[in-house]
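**Student:** This is the structure, below, for whatever I ask next.
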Amino acid sequence: HALLSSYSTEGVEKTMVFLREVLGGLKEQGLEPTTETLVAVLGVLKHTARGQEQQQSCNYALDCVAEFRAAGVAMSLGVYKTLLDIFVQQKSELKSSILVDIVKEVEGKDYWPAVTEEDFNFFPRAMQVAMGMSRPALAWQLNELLLTGKNMNLLCHHNNEQMYYNYFLSNVLQNDSFEHALELYNKVTPHLWSPGGIFFRNLLHALHSHGATNHLAKVFDDMMLSDMGGANKETCFELLHQVMQILAANDPGASEFSGLAEAWADRSEEHTSELQSP
């Protein structure tokens with residue numbers, strides 16, 4: 001495995017010669033490949049999956065998975081994560097729907113305990129791909145998988161958790177119904193996930209376009225609780241400006257709750273003063 005991870009790729013065909021030699025050496029010594037071996041093999045092919053060699057790398061990757069599966073090697077989420085790395089690359093012209101097939105394969109299964117280190121990276125990577133495909137249905141299916149058995153244990157790293165929910169919420173906000181997005185947002189914020197400044201900007205835009213001032217107080221409190229999602233001062237002023245635009249378009253003075261306009265004015269002035277202080 002260390003030998004595989006240290007290999008410097010020289011084109012997909014030469015890489016396959018190297019991989020066959022290594023795997024042949026294992027067989028000669030009577031050593032059985034494991035799931036971690038398969039992930040290491042796919043990790044080598046990941047580095048050849050660029051430009052004109054991506055399609056060939058994808059084909060070889062599927063061949064390797066089929067051979068390992070036939071040999072009785074168990075598939076883990078780390079295997080599927082590495083396949084996503086091979087098939088789905090941001091700058092590639094090759095558009096792949098492999099995530100659809102992966103979700104069908106893993107649906108309803110408990111993948112805890114982890115088998116490889118890459119198992120812990122599957123959920124944020126898969127959610128990123130679903131976001132790139134603008135497929136909220138896939139995002140919801142992935143979340144169901146996360147809630148299956150003890151799979152939630154695989155999202156134990158803070159950064160992975162932040163990435164997962166950022167891609168999930170952004171996908172739903174942009175591509176699903178506004179009601180579903182707000183329902184999900186209220187479930188996970190702030191106790192599971194703290195949004196960043198960009199997400200707050202997009203959320204406030206959605207609140208404005210839908211005239212949803214009934215949700216503004218909760219979102220505003222979350223913004224203050226998270227220090228505007230860690231945004232710089234310029235973005236903080238932009239977020240406050242968005243809040244004021246929403247209030248200007250939906251007069252709080254006309255609300256059934258008395259004193260709401262004055263309360264919002266006081267809160268905005270208070271937080272603007274905080275931002276202006278050195």
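Lettering and numbering for the structure tokens are positional, with chains as A, B, ... in the shown order, residues counted from 1 in each chain, and ligands counted from 1 in the shown order.
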Please return as a ChimeraX atom specification: the residues of segment 93-149 of chain A that backbone DSSP assigns to helix (DSSP H, G or I).
**Tutor:** /A:98-106,117-132,136-146
**Student:** May I have the residues from that selection written out with C-alpha atoms, as an mmCIF file, in the first residue's frame?
**Tutor:**
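Saved as out26.cif:
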data_model
loop_
_atom_site.group_PDB
_atom_site.id
_atom_site.type_symbol
_atom_site.label_atom_id
_atom_site.label_comp_id
_atom_site.auth_asym_id
_atom_site.auth_seq_id
_atom_site.Cartn_x
_atom_site.Cartn_y
_atom_site.Cartn_z
ATOM 1 C CA ILE A 98 -21.776 7.720 -11.668
ATOM 2 C CA LEU A 99 -23.107 9.119 -8.387
ATOM 3 C CA VAL A 100 -26.603 7.995 -9.390
ATOM 4 C CA ASP A 101 -25.364 4.401 -9.701
ATOM 5 C CA ILE A 102 -23.367 4.643 -6.484
ATOM 6 C CA VAL A 103 -26.375 5.872 -4.510
ATOM 7 C CA LYS A 104 -28.436 2.940 -5.794
ATOM 8 C CA GLU A 105 -25.692 0.551 -4.719
ATOM 9 C CA VAL A 106 -25.185 1.913 -1.183
ATOM 10 C CA GLU A 117 -9.406 6.328 5.795
ATOM 11 C CA GLU A 118 -11.198 7.448 2.614
ATOM 12 C CA ASP A 119 -14.473 6.157 4.069
ATOM 13 C CA PHE A 120 -14.559 9.315 6.190
ATOM 14 C CA ASN A 121 -14.401 11.511 3.083
ATOM 15 C CA PHE A 122 -17.259 9.934 1.129
ATOM 16 C CA PHE A 123 -20.189 11.997 2.367
ATOM 17 C CA PRO A 124 -18.764 15.515 1.780
ATOM 18 C CA ARG A 125 -17.360 14.469 -1.620
ATOM 19 C CA ALA A 126 -20.617 12.842 -2.725
ATOM 20 C CA MET A 127 -22.623 15.859 -1.549
ATOM 21 C CA GLN A 128 -20.259 18.121 -3.504
ATOM 22 C CA VAL A 129 -20.897 16.073 -6.656
ATOM 23 C CA ALA A 130 -24.672 16.190 -6.094
ATOM 24 C CA MET A 131 -24.363 19.968 -5.761
ATOM 25 C CA GLY A 132 -22.396 20.167 -9.007
ATOM 26 C CA PRO A 136 -31.366 17.918 -4.760
ATOM 27 C CA ALA A 137 -33.010 14.479 -4.912
ATOM 28 C CA LEU A 138 -29.550 12.895 -4.793
ATOM 29 C CA ALA A 139 -28.660 15.120 -1.845
ATOM 30 C CA TRP A 140 -31.701 13.939 0.099
ATOM 31 C CA GLN A 141 -30.846 10.299 -0.708
ATOM 32 C CA LEU A 142 -27.302 10.795 0.535
ATOM 33 C CA ASN A 143 -28.646 12.289 3.740
ATOM 34 C CA GLU A 144 -30.882 9.255 4.214
ATOM 35 C CA LEU A 145 -27.787 7.078 3.850
ATOM 36 C CA LEU A 146 -25.994 9.196 6.460
#
**Student:** Could you name the residues that touch segment 235-239 of chain A at 8 Å or less, counting only C-alpha atoms, but leaving out those on the same chain fewer than 3 positions away, as number ranges by chain?
**Tutor:** A: 197, 200-201, 204, 228, 231-232, 242-243, 272, 275
**Student:** Can you write just those residues out, C-alpha atoms, as a short mmCIF file (atom, residue, chain, number, x, y, z; two decimals), in the first residue's frame?
**Tutor:**
data_model
loop_
_atom_site.label_atom_id
_atom_site.label_comp_id
_atom_site.auth_asym_id
_atom_site.auth_seq_id
_atom_site.Cartn_x
_atom_site.Cartn_y
_atom_site.Cartn_z
CA GLY A 197 -21.03 34.49 4.74
CA PHE A 200 -26.08 33.75 4.37
CA ARG A 201 -25.97 36.08 1.36
CA LEU A 204 -31.09 36.43 2.49
CA MET A 228 -21.66 36.76 10.28
CA ALA A 231 -17.07 37.02 6.88
CA ASN A 232 -14.84 40.06 6.43
CA GLN A 242 -29.57 42.91 2.57
CA VAL A 243 -31.43 42.71 5.88
CA THR A 272 -23.60 48.32 12.62
CA LEU A 275 -18.81 46.47 12.93
#
**Student:** What lies within 12 Å of Gln55 of chain A using only C-alpha atoms, ignoring chain neighbours under 2 positions off, as a CSV table (one decimal) with N, CA and C atoms, in the first residue's frame?
**Tutor:**
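Now in out34.csv:
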chain,number,residue,atom,x,y,z
A,12,VAL,N,-1.4,6.6,-18.2
A,12,VAL,CA,-2.3,5.5,-17.7
A,12,VAL,C,-1.8,4.1,-18.1
A,45,LEU,N,-4.9,5.5,-10.0
A,45,LEU,CA,-5.5,5.9,-11.2
A,45,LEU,C,-6.1,7.3,-11.2
A,46,LYS,N,-6.4,7.7,-10.0
A,46,LYS,CA,-7.0,9.1,-9.9
A,46,LYS,C,-6.1,10.1,-10.5
A,48,THR,N,-4.1,9.7,-13.0
A,48,THR,CA,-4.0,9.7,-14.4
A,48,THR,C,-5.3,10.2,-15.1
A,49,ALA,N,-6.3,10.4,-14.3
A,49,ALA,CA,-7.6,10.7,-14.8
A,49,ALA,C,-7.7,12.2,-15.2
A,50,ARG,N,-6.9,12.6,-16.1
A,50,ARG,CA,-6.9,14.0,-16.5
A,50,ARG,C,-6.8,14.1,-18.0
A,51,GLY,N,-7.4,15.1,-18.5
A,51,GLY,CA,-7.3,15.4,-20.0
A,51,GLY,C,-7.8,14.2,-20.8
A,52,GLN,N,-7.0,13.9,-21.8
A,52,GLN,CA,-7.4,12.8,-22.8
A,52,GLN,C,-7.4,11.4,-22.2
A,53,GLU,N,-6.7,11.3,-21.0
A,53,GLU,CA,-6.6,9.9,-20.4
A,53,GLU,C,-7.7,9.7,-19.4
A,57,SER,N,-8.8,6.0,-17.9
A,57,SER,CA,-8.6,5.8,-16.5
A,57,SER,C,-9.9,5.3,-15.9
A,58,CYS,N,-11.0,5.9,-16.3
A,58,CYS,CA,-12.3,5.5,-15.8
A,58,CYS,C,-12.6,4.0,-16.1
A,59,ASN,N,-12.3,3.7,-17.3
A,59,ASN,CA,-12.6,2.3,-17.7
A,59,ASN,C,-11.7,1.3,-16.9
A,60,TYR,N,-10.4,1.6,-16.8
A,60,TYR,CA,-9.6,0.8,-16.0
A,60,TYR,C,-10.0,0.7,-14.5
A,61,ALA,N,-10.5,1.8,-14.0
A,61,ALA,CA,-11.0,1.8,-12.6
A,61,ALA,C,-12.1,0.9,-12.4
A,62,LEU,N,-13.1,0.9,-13.4
A,62,LEU,CA,-14.2,0.0,-13.3
A,62,LEU,C,-13.8,-1.5,-13.4
A,86,ILE,N,-12.2,10.0,-9.6
A,86,ILE,CA,-11.7,9.6,-10.9
A,86,ILE,C,-12.7,10.1,-12.0
A,87,PHE,N,-14.0,9.9,-11.7
A,87,PHE,CA,-15.0,10.2,-12.8
A,87,PHE,C,-15.4,11.6,-12.8
A,88,VAL,N,-15.4,12.3,-11.7
A,88,VAL,CA,-15.9,13.7,-11.6
A,88,VAL,C,-14.8,14.7,-11.2
A,89,GLN,N,-14.4,15.4,-12.2
A,89,GLN,CA,-13.4,16.5,-12.0
A,89,GLN,C,-13.9,17.8,-12.6
A,92,SER,N,-13.0,19.0,-16.1
A,92,SER,CA,-13.1,18.0,-17.2
A,92,SER,C,-14.3,18.2,-18.0
A,93,GLU,N,-14.2,17.9,-19.3
A,93,GLU,CA,-15.4,18.0,-20.2
A,93,GLU,C,-16.2,16.7,-20.1
A,94,LEU,N,-15.7,15.7,-19.5
A,94,LEU,CA,-16.4,14.4,-19.3
A,94,LEU,C,-17.4,14.6,-18.2
A,95,LYS,N,-18.7,14.5,-18.5
A,95,LYS,CA,-19.8,14.6,-17.5
A,95,LYS,C,-20.2,13.2,-17.1
A,96,SER,N,-20.2,12.9,-15.9
A,96,SER,CA,-20.5,11.6,-15.4
A,96,SER,C,-21.7,11.6,-14.4
**Student:** For Phe178 of chain A, work out the shell of residues within 10 Å, counting only C-alpha atoms and skipping chain neighbours fewer than 3 positions away, then give it as a VMD selection string.
**Tutor:** chain A and resid 172 to 175 181 to 184 203 206 to 207 210 212
**Student:** Between atom CA of Val41 of chain A and atom CA of Asp63 of chain A, what is the distance in Å, rounded to a tenth?
**Tutor:**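 Between these atoms lies a distance of 11.4 Å.
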**Student:** What's around Ala40 of chain A at 9 Å? Count only C-alpha atoms, leave out sequence neighbours fewer than 4 positions away in its own chain, and write the answer as a list of chain:residue names.
**Tutor:** A:His1, A:Ala2, A:Leu4, A:Ser5, A:Thr35, A:Glu36, A:Val44, A:Leu45
**Student:** List the neighbours of Ala249 of chain A out to 9 Å using only C-alpha atoms; skip same-chain residues closer than 5 positions along the sequence, and give me the result as an mmCIF file with all heavy atoms, in the first residue's frame.
**Tutor:**
data_model
loop_
_atom_site.group_PDB
_atom_site.id
_atom_site.type_symbol
_atom_site.label_atom_id
_atom_site.label_comp_id
_atom_site.auth_asym_id
_atom_site.auth_seq_id
_atom_site.Cartn_x
_atom_site.Cartn_y
_atom_site.Cartn_z
ATOM 1 N N HIS A 208 -35.623 37.539 0.560
ATOM 2 C CA HIS A 208 -36.091 38.772 -0.076
ATOM 3 C C HIS A 208 -37.024 38.466 -1.233
ATOM 4 O O HIS A 208 -38.120 39.033 -1.343
ATOM 5 C CB HIS A 208 -34.883 39.580 -0.553
ATOM 6 C CG HIS A 208 -35.232 40.993 -0.903
ATOM 7 N ND1 HIS A 208 -34.280 41.919 -1.272
ATOM 8 C CD2 HIS A 208 -36.424 41.658 -0.949
ATOM 9 C CE1 HIS A 208 -34.877 43.079 -1.522
ATOM 10 N NE2 HIS A 208 -36.177 42.936 -1.332
ATOM 11 N N GLY A 211 -40.290 37.207 0.001
ATOM 12 C CA GLY A 211 -40.992 38.028 0.981
ATOM 13 C C GLY A 211 -41.190 37.323 2.306
ATOM 14 O O GLY A 211 -42.185 37.549 3.006
ATOM 15 N N MET A 244 -31.658 45.126 5.653
ATOM 16 C CA MET A 244 -32.404 46.377 5.580
ATOM 17 C C MET A 244 -33.266 46.440 4.315
ATOM 18 O O MET A 244 -34.378 46.990 4.332
ATOM 19 C CB MET A 244 -31.438 47.565 5.618
ATOM 20 C CG MET A 244 -30.614 47.662 6.897
ATOM 21 S SD MET A 244 -31.614 47.672 8.402
ATOM 22 C CE MET A 244 -32.433 49.269 8.245
#
